[in-house]
Amino acid sequence: MSVLEISDLHVSVETDQGTKQILRGVDLTINEGEIHAIMGPNGSGKSTLAYTIAGHPKYHVEGGSVKLDGEEVLTMSVDERARAGLFLAMQYPVEIPGVTVSNFLRTAKTALDGEAPAIRGWIKDVRESMTRLRMDPTFAERNVNEGFSGGEKKRNEILQLELLKPKFAVLDETDSGLDVDALKIVSEGVNRAKENTGLGLLLITHYTRILRYIRPDFVHVFVAGRVAEQGGHELADRLEDEGYDRFLAGAPLS
Amino acid sequence: MTTPIATNTTQSIDTVSPDAAPAQHGAKAHTDGGWSGVPVQTRSARFASADVADFGPVTGREIVWKYTPVARLGHLIDGDLDGSSYDVGFPAVDDVSVEWVPRTDSRIGSAGLPEERASANAWSSFDEALAVTITGEDEKQVVVARSSLGETARAAHTVITAAPFSRALVILENAGSANLTENIEFVIGDSADITVVSLQEWADDAIHLASHFAVVGRDARFKHVVVTLGGDIVRVNPSVHLANEGGDAELLGLYFADSGQHLEQQVYVDHDAPHTKSRVNYKGALQGVKARTVWIGDVLIRHSAPGTDSYEQNRNLVLTEGTRADSVPNLEIETGDILGAGHASATGRFDDEQLFYLQARGIPEQEARRLVVRGFLIEIVQKIGSAELQEHLAVRIEEELLRSATVSGAAPLASATEGASA
């Protein structure tokens, strides 16, 4: 059984005002098949955690470790992490002019598997996933994220989640900017991916809205760069009623 | 009289400056208003002559020479040139003739005249001109190939005439060594539909200065594509005169400068009749120390050209440090009655966010870089409209990229910076 273990993770970024500590000792263990929601106010470090796991060069790890089945992830390059089974659904996916979705997906799949996917089965998989995510077939021949609406970009992220079949996926505010219909479609896609592959999920969100459609096993409240409280789904309900004020009182303004 | 409006925005990106702050996503849009006290010189007033003796010595400060390494071009600018005919390969095609004609041929000089000394030197020195004549309304492909010009300093002259209603894709292939200054004229008849692709795949030591002059007939379509991949110094300056109502010009360019290469193009579109349309789109990639590119784009919309629709853009992708790309769009508008006129220029280093995105999906760094560069350049390739050529260029771009992987290796891009000067 796969496990992703984050221990005592400290991370900083360089800003115009100098080095800024963002994560101050994060401990989190996610087993295969589990859904963990990370909730917290703006600036609490949720996205930093996501990008640090994926290996974005902007974030400097000051200490701690991220282990996937016992292997240290932090020393791997970005693409090695992906090939080890990690996936980050981005909040703001970038446009890649001149690279079609279909070319991109095939290239990624080939890189992950070490060999090109069998053409017929692959085309069928892509088509079916796109249909389920209510994506028009013409999407495959459009350039990656170029001219996509916010909802289309998020669907394209979940399309990749379904097709690339990671062991663990971090979804960074996948719900932001989605209307309720798109949110349902995207949530269905995430639930389907989990059902099919049994992946572990780290769901980063500011709002509890998405948790109506993707039910977390654990909820962690992130404040000032560390987990301030954790619990089951009932914690999300409580946050929905009370907001984050309870946690912010007395917390340092970072 | 309408007051001329002119904008001149210059952007020089020098990737060797270490202190400048990286712009977001690496791209740096140009800023309008680069007024620096230099008087605006209208492009239409530029001196032109076929006689080299009418041009003074070149100092390198002239507007047409200021970005060019003139010190290495003296032999083409001032020297004696071999103007004899040379070997040309052209597979026979129906409705197309290719022949050498004397200097006195009436077609010579009908599309334009030299505006600088190297061009005039070629004009004064050629013995015979290569004349390509296209008739017939069926679509056809014409290839005119040169690959054995050799190292002697040469002059050449070509006139390509397309009869009214004719259609063709003309590919001018350049390979091998060369030390050449030349003029090429395109006379596009009324309602003709002609695509010209000038392919510079010269050997590493080639020096090539070319001026292309086109005059476009009524309701004719002229697509002109400059693809420069090989050569030491290559400068191709296309100028298109939209002299008749309804003329349409699409000027495309694709260049890939490696270490030490100087690739330049000065593009000029002259809107001189009502309802003319032009689109200019040049894209370049630079990699390696002293890879150098220059793009100057002049668009003039004359008082005689109401209803003009015009847009020009240049984009450069900087792949390593130590390169320099100059991009200078100029727009002169003499009439307020136009459909549209715009320009854009951007030079940016490789976008690390794109790289991160691709790598985060498991794609190794080198392959991710290749995907992005190929994607950047492919837009131009796809607009050429020839599957065969598209295939060929895709392979050539791939080779250039592989060269980057082996020669410059994993050159550190993460710390590449850029500075812009107005």
# chains A, B, ... in the order shown; residues from 1 in each chain; ligands from 1

$ residues_around --residues "Leu229 of chain B" --least-positions-apart "5" --cutoff "7 Å" --atoms "only C-alpha atoms" --output "JSON, numbers by chain"
{"B": [200, 201, 255, 256, 257]}

$ closest_atom_pairs --of "chain B" --to "chain A" --cutoff "7 Å" --atoms "only C-alpha atoms" --output "tab-separated table"
residue	atom	partner	partner_atom	distance
B:Glu353	CA	A:Val94	CA	6.9
B:Gln354	CA	A:Val94	CA	6.2
B:Phe356	CA	A:His56	CA	6.8
B:Gln359	CA	A:Asp79	CA	4.4
B:Ala360	CA	A:Asp79	CA	5.4
B:Arg361	CA	A:Ala82	CA	5.7
B:Gly362	CA	A:Asp79	CA	4.2
B:Ile363	CA	A:Ala111	CA	5.5
B:Pro364	CA	A:Asp79	CA	5.6
B:Leu371	CA	A:Val99	CA	6.9
B:Val372	CA	A:Ile96	CA	6.8
B:Gly375	CA	A:Gly98	CA	3.6
B:Phe376	CA	A:Gly98	CA	5.7
B:Ile378	CA	A:Gly98	CA	6.2
B:Glu379	CA	A:Gly98	CA	6.4

$ closest_residue --among "A:Met76, A:Val66, A:Val101, A:Leu202" --to "Thr138 of chain A" --atoms "only C-alpha atoms"
A:Val101

$ atom_distance --atom1 "atom CA of Val13 of chain A" --atom2 "atom CA of Tyr59 of chain A"
5.2 Å

$ select_by_dssp --residues "segment 76-240 of chain A" --states "alpha helix (DSSP H)" --output "PyMOL selection string"
chain A and resi 78-84+101-113+119-132+150-164+180-197+233-240

$ write_last_selection --atoms "C-alpha atoms" --output "PDB file, in the first residue's frame"
ATOM      1  CA  VAL A  78      10.014  17.820 -10.985  1.00  0.00           C
ATOM      2  CA  ASP A  79       9.585  15.212 -13.701  1.00  0.00           C
ATOM      3  CA  GLU A  80      11.022  12.439 -11.516  1.00  0.00           C
ATOM      4  CA  ARG A  81       8.375  13.196  -8.904  1.00  0.00           C
ATOM      5  CA  ALA A  82       5.671  12.876 -11.528  1.00  0.00           C
ATOM      6  CA  ARG A  83       7.138   9.599 -12.722  1.00  0.00           C
ATOM      7  CA  ALA A  84       7.247   8.392  -9.113  1.00  0.00           C
ATOM      8  CA  VAL A 101      -3.816  18.709 -25.818  1.00  0.00           C
ATOM      9  CA  SER A 102      -3.604  15.382 -27.601  1.00  0.00           C
ATOM     10  CA  ASN A 103       0.129  15.686 -28.272  1.00  0.00           C
ATOM     11  CA  PHE A 104       0.722  16.832 -24.700  1.00  0.00           C
ATOM     12  CA  LEU A 105      -1.259  13.958 -23.172  1.00  0.00           C
ATOM     13  CA  ARG A 106       0.484  11.362 -25.323  1.00  0.00           C
ATOM     14  CA  THR A 107       3.922  12.805 -24.558  1.00  0.00           C
ATOM     15  CA  ALA A 108       3.200  12.819 -20.835  1.00  0.00           C
ATOM     16  CA  LYS A 109       1.795   9.293 -20.870  1.00  0.00           C
ATOM     17  CA  THR A 110       4.837   8.075 -22.785  1.00  0.00           C
ATOM     18  CA  ALA A 111       7.191   9.760 -20.328  1.00  0.00           C
ATOM     19  CA  LEU A 112       5.371   8.274 -17.329  1.00  0.00           C
ATOM     20  CA  ASP A 113       5.138   4.737 -18.679  1.00  0.00           C
ATOM     21  CA  ILE A 119      -2.539   3.858 -30.027  1.00  0.00           C
ATOM     22  CA  ARG A 120      -6.044   2.511 -30.358  1.00  0.00           C
ATOM     23  CA  GLY A 121      -6.725   1.952 -26.680  1.00  0.00           C
ATOM     24  CA  TRP A 122      -5.227   5.299 -25.802  1.00  0.00           C
ATOM     25  CA  ILE A 123      -7.353   7.276 -28.244  1.00  0.00           C
ATOM     26  CA  LYS A 124     -10.414   5.522 -26.887  1.00  0.00           C
ATOM     27  CA  ASP A 125      -9.419   6.305 -23.282  1.00  0.00           C
ATOM     28  CA  VAL A 126      -8.870   9.959 -24.111  1.00  0.00           C
ATOM     29  CA  ARG A 127     -12.150  10.243 -25.940  1.00  0.00           C
ATOM     30  CA  GLU A 128     -14.123   8.577 -23.156  1.00  0.00           C
ATOM     31  CA  SER A 129     -12.568  10.682 -20.428  1.00  0.00           C
ATOM     32  CA  MET A 130     -13.274  13.823 -22.392  1.00  0.00           C
ATOM     33  CA  THR A 131     -16.883  12.809 -22.931  1.00  0.00           C
ATOM     34  CA  ARG A 132     -17.359  12.136 -19.231  1.00  0.00           C
ATOM     35  CA  GLY A 150     -11.388  28.935 -16.215  1.00  0.00           C
ATOM     36  CA  GLY A 151     -13.725  25.933 -16.105  1.00  0.00           C
ATOM     37  CA  GLU A 152     -12.169  24.383 -19.196  1.00  0.00           C
ATOM     38  CA  LYS A 153      -8.703  24.642 -17.691  1.00  0.00           C
ATOM     39  CA  LYS A 154      -9.830  22.836 -14.537  1.00  0.00           C
ATOM     40  CA  ARG A 155     -11.507  20.124 -16.558  1.00  0.00           C
ATOM     41  CA  ASN A 156      -8.304  19.723 -18.535  1.00  0.00           C
ATOM     42  CA  GLU A 157      -6.434  19.197 -15.257  1.00  0.00           C
ATOM     43  CA  ILE A 158      -8.862  16.499 -14.168  1.00  0.00           C
ATOM     44  CA  LEU A 159      -8.663  14.911 -17.620  1.00  0.00           C
ATOM     45  CA  GLN A 160      -4.950  14.506 -17.007  1.00  0.00           C
ATOM     46  CA  LEU A 161      -5.599  13.146 -13.525  1.00  0.00           C
ATOM     47  CA  GLU A 162      -7.836  10.464 -15.012  1.00  0.00           C
ATOM     48  CA  LEU A 163      -5.521   9.524 -17.852  1.00  0.00           C
ATOM     49  CA  LEU A 164      -2.113   9.726 -16.168  1.00  0.00           C
ATOM     50  CA  VAL A 180     -21.860  24.751  -9.608  1.00  0.00           C
ATOM     51  CA  ASP A 181     -22.339  22.732 -12.810  1.00  0.00           C
ATOM     52  CA  ALA A 182     -18.646  22.718 -13.613  1.00  0.00           C
ATOM     53  CA  LEU A 183     -17.864  21.941  -9.978  1.00  0.00           C
ATOM     54  CA  LYS A 184     -20.069  18.850 -10.149  1.00  0.00           C
ATOM     55  CA  ILE A 185     -18.466  17.646 -13.384  1.00  0.00           C
ATOM     56  CA  VAL A 186     -14.972  18.162 -12.014  1.00  0.00           C
ATOM     57  CA  SER A 187     -15.854  16.487  -8.705  1.00  0.00           C
ATOM     58  CA  GLU A 188     -17.325  13.494 -10.513  1.00  0.00           C
ATOM     59  CA  GLY A 189     -14.077  13.207 -12.442  1.00  0.00           C
ATOM     60  CA  VAL A 190     -12.031  13.224  -9.247  1.00  0.00           C
ATOM     61  CA  ASN A 191     -14.270  10.638  -7.583  1.00  0.00           C
ATOM     62  CA  ARG A 192     -14.102   8.462 -10.688  1.00  0.00           C
ATOM     63  CA  ALA A 193     -10.316   8.635 -10.788  1.00  0.00           C
ATOM     64  CA  LYS A 194     -10.180   7.611  -7.136  1.00  0.00           C
ATOM     65  CA  GLU A 195     -12.576   4.736  -7.693  1.00  0.00           C
ATOM     66  CA  ASN A 196     -10.642   3.470 -10.706  1.00  0.00           C
ATOM     67  CA  THR A 197      -7.107   3.743  -9.387  1.00  0.00           C
ATOM     68  CA  HIS A 233     -15.746  15.552   7.867  1.00  0.00           C
ATOM     69  CA  GLU A 234     -17.568  17.204  10.768  1.00  0.00           C
ATOM     70  CA  LEU A 235     -14.714  19.713  11.025  1.00  0.00           C
ATOM     71  CA  ALA A 236     -15.527  20.960   7.554  1.00  0.00           C
ATOM     72  CA  ASP A 237     -19.145  21.459   8.561  1.00  0.00           C
ATOM     73  CA  ARG A 238     -18.045  23.433  11.562  1.00  0.00           C
ATOM     74  CA  LEU A 239     -15.805  25.629   9.405  1.00  0.00           C
ATOM     75  CA  GLU A 240     -18.712  26.249   7.103  1.00  0.00           C
TER      76      GLU A 240
END

$ select_by_dssp --residues "segment 43-75 of chain A" --states "strand (DSSP E)" --output "PDB file with N, CA and C atoms, in the first residue's frame"
ATOM      1  N   TYR A  59      10.139  27.566  -4.403  1.00  0.00           N
ATOM      2  CA  TYR A  59      10.035  27.289  -2.961  1.00  0.00           C
ATOM      3  C   TYR A  59      11.276  26.586  -2.440  1.00  0.00           C
ATOM      4  N   HIS A  60      11.809  27.134  -1.362  1.00  0.00           N
ATOM      5  CA  HIS A  60      13.031  26.562  -0.786  1.00  0.00           C
ATOM      6  C   HIS A  60      12.699  25.747   0.452  1.00  0.00           C
ATOM      7  N   VAL A  61      13.094  24.505   0.409  1.00  0.00           N
ATOM      8  CA  VAL A  61      12.853  23.648   1.564  1.00  0.00           C
ATOM      9  C   VAL A  61      13.957  23.909   2.587  1.00  0.00           C
ATOM     10  N   GLU A  62      13.546  24.320   3.781  1.00  0.00           N
ATOM     11  CA  GLU A  62      14.511  24.627   4.846  1.00  0.00           C
ATOM     12  C   GLU A  62      14.750  23.405   5.722  1.00  0.00           C
ATOM     13  N   GLY A  63      13.771  22.512   5.735  1.00  0.00           N
ATOM     14  CA  GLY A  63      13.945  21.328   6.562  1.00  0.00           C
ATOM     15  C   GLY A  63      12.754  20.402   6.426  1.00  0.00           C
ATOM     16  N   GLY A  64      12.923  19.180   6.887  1.00  0.00           N
ATOM     17  CA  GLY A  64      11.838  18.218   6.840  1.00  0.00           C
ATOM     18  C   GLY A  64      11.939  17.309   5.641  1.00  0.00           C
ATOM     19  N   SER A  65      10.930  16.473   5.474  1.00  0.00           N
ATOM     20  CA  SER A  65      10.975  15.534   4.355  1.00  0.00           C
ATOM     21  C   SER A  65       9.589  15.236   3.810  1.00  0.00           C
ATOM     22  N   VAL A  66       9.583  14.805   2.547  1.00  0.00           N
ATOM     23  CA  VAL A  66       8.357  14.301   1.910  1.00  0.00           C
ATOM     24  C   VAL A  66       8.730  12.950   1.328  1.00  0.00           C
ATOM     25  N   LYS A  67       8.143  11.901   1.857  1.00  0.00           N
ATOM     26  CA  LYS A  67       8.515  10.565   1.392  1.00  0.00           C
ATOM     27  C   LYS A  67       7.338   9.866   0.731  1.00  0.00           C
ATOM     28  N   LEU A  68       7.629   9.270  -0.426  1.00  0.00           N
ATOM     29  CA  LEU A  68       6.629   8.476  -1.118  1.00  0.00           C
ATOM     30  C   LEU A  68       7.090   7.022  -1.036  1.00  0.00           C
ATOM     31  N   GLU A  71      10.656   6.665  -0.105  1.00  0.00           N
ATOM     32  CA  GLU A  71      11.658   7.346  -0.930  1.00  0.00           C
ATOM     33  C   GLU A  71      11.537   8.855  -0.769  1.00  0.00           C
ATOM     34  N   GLU A  72      12.677   9.505  -0.573  1.00  0.00           N
ATOM     35  CA  GLU A  72      12.664  10.963  -0.413  1.00  0.00           C
ATOM     36  C   GLU A  72      12.303  11.623  -1.743  1.00  0.00           C
TER      37      GLU A  72
END

$ atom_distance --atom1 "atom CA of Val219 of chain A" --atom2 "atom CA of Gly40 of chain A"
10.4 Å

$ closest_residue --among "A:Thr29, A:Met39, A:Glu5, A:Glu34" --to "Gly70 of chain A" --atoms "only C-alpha atoms"
A:Glu5

$ residues_around --residues "Asp217 of chain A" --least-positions-apart "2" --cutoff "12 Å" --atoms "only C-alpha atoms" --output "list in words"
Ile30, Asn31, Glu32, Gly33, Glu34, Ile35, His36, Ala37, Ile38, Gly200, Leu201, Leu202, Leu203, Leu211, Ile214, Arg215, Val219, His220, Gln230, Gly231, Gly232, His233, Glu234, Leu235 and Ala236 of chain A

$ residues_around --residues "segment 211-217 of chain B" --least-positions-apart "5" --cutoff "10 Å" --atoms "only C-alpha atoms" --output "PyMOL selection string"
chain B and resi 109-116+118-120+122+157-164+181-194+198+222+224+235-249+265-270+276

$ residues_around --residues "segment 71-87 of chain B" --least-positions-apart "6" --cutoff "6 Å" --atoms "only C-alpha atoms" --output "PyMOL selection string"
chain B and resi 117-118+125-127+153-155

$ residues_around --residues "Asp105 of chain B" --least-positions-apart "3" --cutoff "10 Å" --atoms "only C-alpha atoms" --output "list in words"
Val101, Pro102, Ile108, Gly109, Glu128, Ala129, Ala131 and Val159 of chain B

$ atom_distance --atom1 "atom CA of Glu242 of chain A" --atom2 "atom CA of Thr208 of chain A"
11.5 Å
